[in-house]
Amino acid sequence: MISFHRTDLPLEEELSDASVALIEQTLTPIVLPKGYRLLEDKEGIKHAYLIKKGIVRIFITTEDKEMTFEFAREKDILSTSLGYFYQAPSYERFELLEDTILYQIDLVAMKQLFYESIEICNWARQFTELNAIKTQKQLIDMLVLTPEDRYLQLMKYDKTLFQRVPLKQIASYIGISPISLSRIRARIK
């Protein structure tokens, strides 16, 4: 049996025990294997997911390649903006890179809590703001940093990613080919 703990929530220090108990009622624990595709493109989303254990690659596909644009891990919430805000099909895909423990979040029940609890609503707003800032920083980094600088920044701030994710996916994440990543790594050593 998977148990939910207060520390599984992002920004948990902002929530009272009563609010955590209400959120817990919207969660269903699930365990899925490495390689499982939680969401395919053009699929509508009815749930979000809170990651208790594991790492998930978020990517899109074009005609000839996959482009990774995020890795979600413990305490991250997996959702799609189109699905969450507009109930529209998604363009991204979610692939589990490790055996993963998730809490499936019933979005209808969670949205109802936003109307019932200003504390939960504010918590969700803060989480959304942090994700927007993170996304904006990632976009700006892609525009102004060289691939080598993006690699060095990732090594400095997220070294554990290299232990959990294949290098070809890290290369895609920083916007280069696996061969270019190998050259950068050889030059830096």
# chains A, B, ... in the order shown; residues from 1 in each chain; ligands from 1
$ residues_around --residues "Lys52 (chain A)" --least-positions-apart "2" --cutoff "9 Å" --atoms "only C-alpha atoms" --output "PDB file with N, CA, C and O atoms, in the first residue's frame"
ATOM      1  N   PHE A   4       0.392   8.306   1.554  1.00  0.00           N
ATOM      2  CA  PHE A   4       0.614   9.713   1.246  1.00  0.00           C
ATOM      3  C   PHE A   4       1.122  10.410   2.499  1.00  0.00           C
ATOM      4  O   PHE A   4       0.634  10.178   3.602  1.00  0.00           O
ATOM      5  N   ASP A   8       4.998  14.940   0.581  1.00  0.00           N
ATOM      6  CA  ASP A   8       4.907  14.634  -0.844  1.00  0.00           C
ATOM      7  C   ASP A   8       4.432  15.839  -1.657  1.00  0.00           C
ATOM      8  O   ASP A   8       4.598  15.873  -2.871  1.00  0.00           O
ATOM      9  N   LEU A   9       3.832  16.816  -0.994  1.00  0.00           N
ATOM     10  CA  LEU A   9       3.303  17.988  -1.685  1.00  0.00           C
ATOM     11  C   LEU A   9       4.368  19.063  -1.875  1.00  0.00           C
ATOM     12  O   LEU A   9       5.160  19.322  -0.968  1.00  0.00           O
ATOM     13  N   LEU A  50       0.801  13.774  -9.191  1.00  0.00           N
ATOM     14  CA  LEU A  50       1.838  14.211  -8.269  1.00  0.00           C
ATOM     15  C   LEU A  50       2.837  13.067  -8.165  1.00  0.00           C
ATOM     16  O   LEU A  50       2.453  11.925  -7.883  1.00  0.00           O
ATOM     17  N   GLY A  54      10.221   8.762  -8.675  1.00  0.00           N
ATOM     18  CA  GLY A  54      10.465   8.495 -10.086  1.00  0.00           C
ATOM     19  C   GLY A  54      10.753   9.769 -10.857  1.00  0.00           C
ATOM     20  O   GLY A  54      10.726  10.872 -10.313  1.00  0.00           O
ATOM     21  N   ARG A  73      10.059  15.226 -11.592  1.00  0.00           N
ATOM     22  CA  ARG A  73      10.477  14.235 -10.592  1.00  0.00           C
ATOM     23  C   ARG A  73       9.748  14.461  -9.284  1.00  0.00           C
ATOM     24  O   ARG A  73       8.776  15.193  -9.242  1.00  0.00           O
ATOM     25  N   GLU A  74      10.236  13.843  -8.230  1.00  0.00           N
ATOM     26  CA  GLU A  74       9.561  13.871  -6.947  1.00  0.00           C
ATOM     27  C   GLU A  74       9.072  15.282  -6.590  1.00  0.00           C
ATOM     28  O   GLU A  74       9.807  16.242  -6.727  1.00  0.00           O
ATOM     29  N   LYS A  75       7.820  15.319  -6.145  1.00  0.00           N
ATOM     30  CA  LYS A  75       7.095  16.531  -5.744  1.00  0.00           C
ATOM     31  C   LYS A  75       6.625  17.392  -6.911  1.00  0.00           C
ATOM     32  O   LYS A  75       5.969  18.406  -6.700  1.00  0.00           O
ATOM     33  N   ASP A  76       6.940  17.022  -8.142  1.00  0.00           N
ATOM     34  CA  ASP A  76       6.427  17.773  -9.288  1.00  0.00           C
ATOM     35  C   ASP A  76       5.015  17.289  -9.603  1.00  0.00           C
ATOM     36  O   ASP A  76       4.661  16.135  -9.339  1.00  0.00           O
ATOM     37  N   THR A 100       7.756   4.137 -11.244  1.00  0.00           N
ATOM     38  CA  THR A 100       7.281   5.395 -10.681  1.00  0.00           C
ATOM     39  C   THR A 100       6.053   5.198  -9.791  1.00  0.00           C
ATOM     40  O   THR A 100       5.162   4.421 -10.120  1.00  0.00           O
ATOM     41  N   ILE A 101       6.034   5.920  -8.687  1.00  0.00           N
ATOM     42  CA  ILE A 101       4.871   5.977  -7.809  1.00  0.00           C
ATOM     43  C   ILE A 101       4.257   7.357  -7.969  1.00  0.00           C
ATOM     44  O   ILE A 101       4.931   8.375  -7.811  1.00  0.00           O
ATOM     45  N   LEU A 102       2.985   7.378  -8.309  1.00  0.00           N
ATOM     46  CA  LEU A 102       2.267   8.627  -8.554  1.00  0.00           C
ATOM     47  C   LEU A 102       1.015   8.685  -7.696  1.00  0.00           C
ATOM     48  O   LEU A 102       0.473   7.664  -7.293  1.00  0.00           O
ATOM     49  N   TYR A 103       0.556   9.895  -7.486  1.00  0.00           N
ATOM     50  CA  TYR A 103      -0.786  10.114  -6.969  1.00  0.00           C
ATOM     51  C   TYR A 103      -1.574  10.748  -8.096  1.00  0.00           C
ATOM     52  O   TYR A 103      -1.248  11.850  -8.549  1.00  0.00           O
TER      53      TYR A 103
END
$ residues_around --residues "region 160-164 of chain A" --least-positions-apart "6" --cutoff "10 Å" --atoms "only C-alpha atoms" --output "list in words"
Gly54, Ile55, Phe71, Arg73, Leu97, Glu98, Leu154 and Ile170 of chain A
$ residues_around --residues "region 115-123 of chain A" --least-positions-apart "5" --cutoff "12 Å" --atoms "only C-alpha atoms" --output "PyMOL selection string"
chain A and resi 9-24+108-110+128-130
$ closest_residue --among "A:Leu107, A:Glu95, A:Phe59, A:Phe69" --to "Thr135 (chain A)" --atoms "only C-alpha atoms"
A:Phe69
$ closest_residue --among "A:Gln169, A:Phe114, A:Tyr151, A:Glu70" --to "Gln138 (chain A)" --atoms "only C-alpha atoms"
A:Glu70
$ atom_distance --atom1 "CA of Asp99 (chain A)" --atom2 "CA of Ile2 (chain A)"
13.8 Å
$ residues_around --residues "region 177-182 of chain A" --least-positions-apart "4" --cutoff "9 Å" --atoms "only C-alpha atoms" --output "count of residues only"
11
$ select_by_dssp --residues "region 8-37 of chain A" --states "alpha helix (DSSP H)" --output "PDB file with C-alpha atoms, in the first residue's frame"
ATOM      1  CA  ASP A  17      -3.287  20.054   8.068  1.00  0.00           C
ATOM      2  CA  ALA A  18      -6.960  20.536   7.182  1.00  0.00           C
ATOM      3  CA  SER A  19      -6.101  21.599   3.623  1.00  0.00           C
ATOM      4  CA  VAL A  20      -3.664  18.723   3.194  1.00  0.00           C
ATOM      5  CA  ALA A  21      -6.428  16.348   4.310  1.00  0.00           C
ATOM      6  CA  LEU A  22      -8.798  17.824   1.711  1.00  0.00           C
ATOM      7  CA  ILE A  23      -6.204  17.485  -1.065  1.00  0.00           C
ATOM      8  CA  GLU A  24      -5.485  13.923  -0.013  1.00  0.00           C
TER       9      GLU A  24
END
$ decode --residues "region 156-172 of chain A" --atoms "all heavy atoms" --output "short mmCIF file (atom, residue, chain, number, x, y, z; two decimals), in the first residue's frame"
data_model
loop_
_atom_site.label_atom_id
_atom_site.label_comp_id
_atom_site.auth_asym_id
_atom_site.auth_seq_id
_atom_site.Cartn_x
_atom_site.Cartn_y
_atom_site.Cartn_z
N LYS A 156 25.78 22.08 -12.97
CA LYS A 156 25.91 22.80 -11.70
C LYS A 156 24.67 22.67 -10.83
O LYS A 156 24.76 22.46 -9.63
CB LYS A 156 26.19 24.28 -11.99
CG LYS A 156 26.39 25.12 -10.75
CD LYS A 156 26.73 26.55 -11.09
CE LYS A 156 26.93 27.38 -9.84
NZ LYS A 156 27.27 28.77 -10.15
N TYR A 157 23.49 22.81 -11.43
CA TYR A 157 22.27 22.88 -10.65
C TYR A 157 21.45 21.60 -10.61
O TYR A 157 20.52 21.49 -9.80
CB TYR A 157 21.38 24.02 -11.16
CG TYR A 157 22.01 25.37 -10.96
CD1 TYR A 157 22.50 26.09 -12.04
CD2 TYR A 157 22.18 25.89 -9.68
CE1 TYR A 157 23.10 27.33 -11.86
CE2 TYR A 157 22.78 27.13 -9.49
CZ TYR A 157 23.25 27.84 -10.58
OH TYR A 157 23.85 29.05 -10.39
N ASP A 158 21.75 20.65 -11.49
CA ASP A 158 20.92 19.44 -11.55
C ASP A 158 21.77 18.22 -11.88
O ASP A 158 21.44 17.46 -12.78
CB ASP A 158 19.80 19.62 -12.57
CG ASP A 158 18.61 18.74 -12.29
OD1 ASP A 158 18.67 17.92 -11.36
OD2 ASP A 158 17.61 18.87 -13.00
N LYS A 159 22.85 18.06 -11.18
CA LYS A 159 23.81 16.99 -11.45
C LYS A 159 23.17 15.60 -11.39
O LYS A 159 23.55 14.70 -12.14
CB LYS A 159 24.96 17.09 -10.47
CG LYS A 159 26.22 16.45 -10.91
CD LYS A 159 27.34 16.75 -9.96
CE LYS A 159 28.54 17.13 -10.80
NZ LYS A 159 29.65 17.63 -10.03
N THR A 160 22.22 15.39 -10.50
CA THR A 160 21.61 14.06 -10.36
C THR A 160 20.85 13.63 -11.61
O THR A 160 20.64 12.44 -11.82
CB THR A 160 20.66 13.99 -9.15
OG1 THR A 160 19.61 14.93 -9.33
CG2 THR A 160 21.40 14.28 -7.85
N LEU A 161 20.45 14.58 -12.43
CA LEU A 161 19.74 14.25 -13.67
C LEU A 161 20.59 13.32 -14.54
O LEU A 161 20.08 12.41 -15.17
CB LEU A 161 19.40 15.53 -14.44
CG LEU A 161 18.39 15.41 -15.56
CD1 LEU A 161 17.02 15.01 -15.02
CD2 LEU A 161 18.27 16.73 -16.30
N PHE A 162 21.91 13.51 -14.53
CA PHE A 162 22.80 12.71 -15.35
C PHE A 162 22.88 11.26 -14.87
O PHE A 162 23.29 10.38 -15.62
CB PHE A 162 24.20 13.34 -15.37
CG PHE A 162 24.24 14.61 -16.15
CD1 PHE A 162 23.93 15.82 -15.55
CD2 PHE A 162 24.56 14.62 -17.50
CE1 PHE A 162 23.93 17.01 -16.26
CE2 PHE A 162 24.58 15.79 -18.23
CZ PHE A 162 24.26 16.99 -17.61
N GLN A 163 22.48 11.00 -13.65
CA GLN A 163 22.46 9.65 -13.11
C GLN A 163 21.13 8.95 -13.39
O GLN A 163 21.04 7.74 -13.28
CB GLN A 163 22.72 9.68 -11.60
CG GLN A 163 24.07 10.25 -11.25
CD GLN A 163 24.15 10.69 -9.80
OE1 GLN A 163 23.21 10.56 -9.02
NE2 GLN A 163 25.29 11.24 -9.43
N ARG A 164 20.11 9.71 -13.76
CA ARG A 164 18.76 9.14 -13.90
C ARG A 164 18.23 9.15 -15.33
O ARG A 164 17.22 8.50 -15.59
CB ARG A 164 17.81 9.93 -13.01
CG ARG A 164 18.18 9.89 -11.53
CD ARG A 164 17.28 10.76 -10.69
NE ARG A 164 16.00 10.11 -10.45
CZ ARG A 164 15.02 10.66 -9.76
NH1 ARG A 164 15.16 11.87 -9.24
NH2 ARG A 164 13.89 10.01 -9.58
N VAL A 165 18.88 9.88 -16.22
CA VAL A 165 18.33 10.10 -17.56
C VAL A 165 19.38 9.75 -18.62
O VAL A 165 20.54 10.13 -18.47
CB VAL A 165 17.90 11.58 -17.70
CG1 VAL A 165 17.45 11.91 -19.10
CG2 VAL A 165 16.80 11.92 -16.70
N PRO A 166 18.98 9.06 -19.70
CA PRO A 166 19.94 8.78 -20.78
C PRO A 166 20.48 10.07 -21.40
O PRO A 166 19.76 11.07 -21.53
CB PRO A 166 19.10 8.01 -21.80
CG PRO A 166 17.95 7.45 -21.04
CD PRO A 166 17.67 8.44 -19.94
N LEU A 167 21.75 10.05 -21.78
CA LEU A 167 22.41 11.23 -22.34
C LEU A 167 21.71 11.76 -23.59
O LEU A 167 21.66 12.97 -23.82
CB LEU A 167 23.88 10.95 -22.63
CG LEU A 167 24.78 10.88 -21.40
CD1 LEU A 167 26.20 10.50 -21.79
CD2 LEU A 167 24.77 12.17 -20.61
N LYS A 168 21.16 10.87 -24.41
CA LYS A 168 20.49 11.35 -25.64
C LYS A 168 19.28 12.23 -25.29
O LYS A 168 18.96 13.17 -26.00
CB LYS A 168 20.09 10.20 -26.55
CG LYS A 168 18.98 9.33 -26.03
CD LYS A 168 18.62 8.23 -27.00
CE LYS A 168 17.43 7.44 -26.48
NZ LYS A 168 16.99 6.44 -27.41
N GLN A 169 18.62 11.94 -24.17
CA GLN A 169 17.49 12.76 -23.76
C GLN A 169 17.95 14.07 -23.12
O GLN A 169 17.30 15.10 -23.27
CB GLN A 169 16.57 11.96 -22.83
CG GLN A 169 15.90 10.83 -23.58
CD GLN A 169 15.14 9.89 -22.68
OE1 GLN A 169 15.13 10.01 -21.46
NE2 GLN A 169 14.50 8.90 -23.29
N ILE A 170 19.08 14.04 -22.45
CA ILE A 170 19.65 15.28 -21.91
C ILE A 170 20.08 16.18 -23.07
O ILE A 170 19.85 17.39 -23.05
CB ILE A 170 20.83 14.99 -20.96
CG1 ILE A 170 20.26 14.38 -19.66
CG2 ILE A 170 21.63 16.25 -20.67
CD1 ILE A 170 21.30 13.91 -18.68
N ALA A 171 20.67 15.58 -24.11
CA ALA A 171 21.06 16.36 -25.30
C ALA A 171 19.83 17.04 -25.90
O ALA A 171 19.86 18.24 -26.20
CB ALA A 171 21.73 15.45 -26.33
N SER A 172 18.75 16.31 -26.05
CA SER A 172 17.52 16.88 -26.59
C SER A 172 17.01 18.01 -25.70
O SER A 172 16.58 19.06 -26.18
CB SER A 172 16.45 15.78 -26.70
OG SER A 172 15.22 16.31 -27.08
#
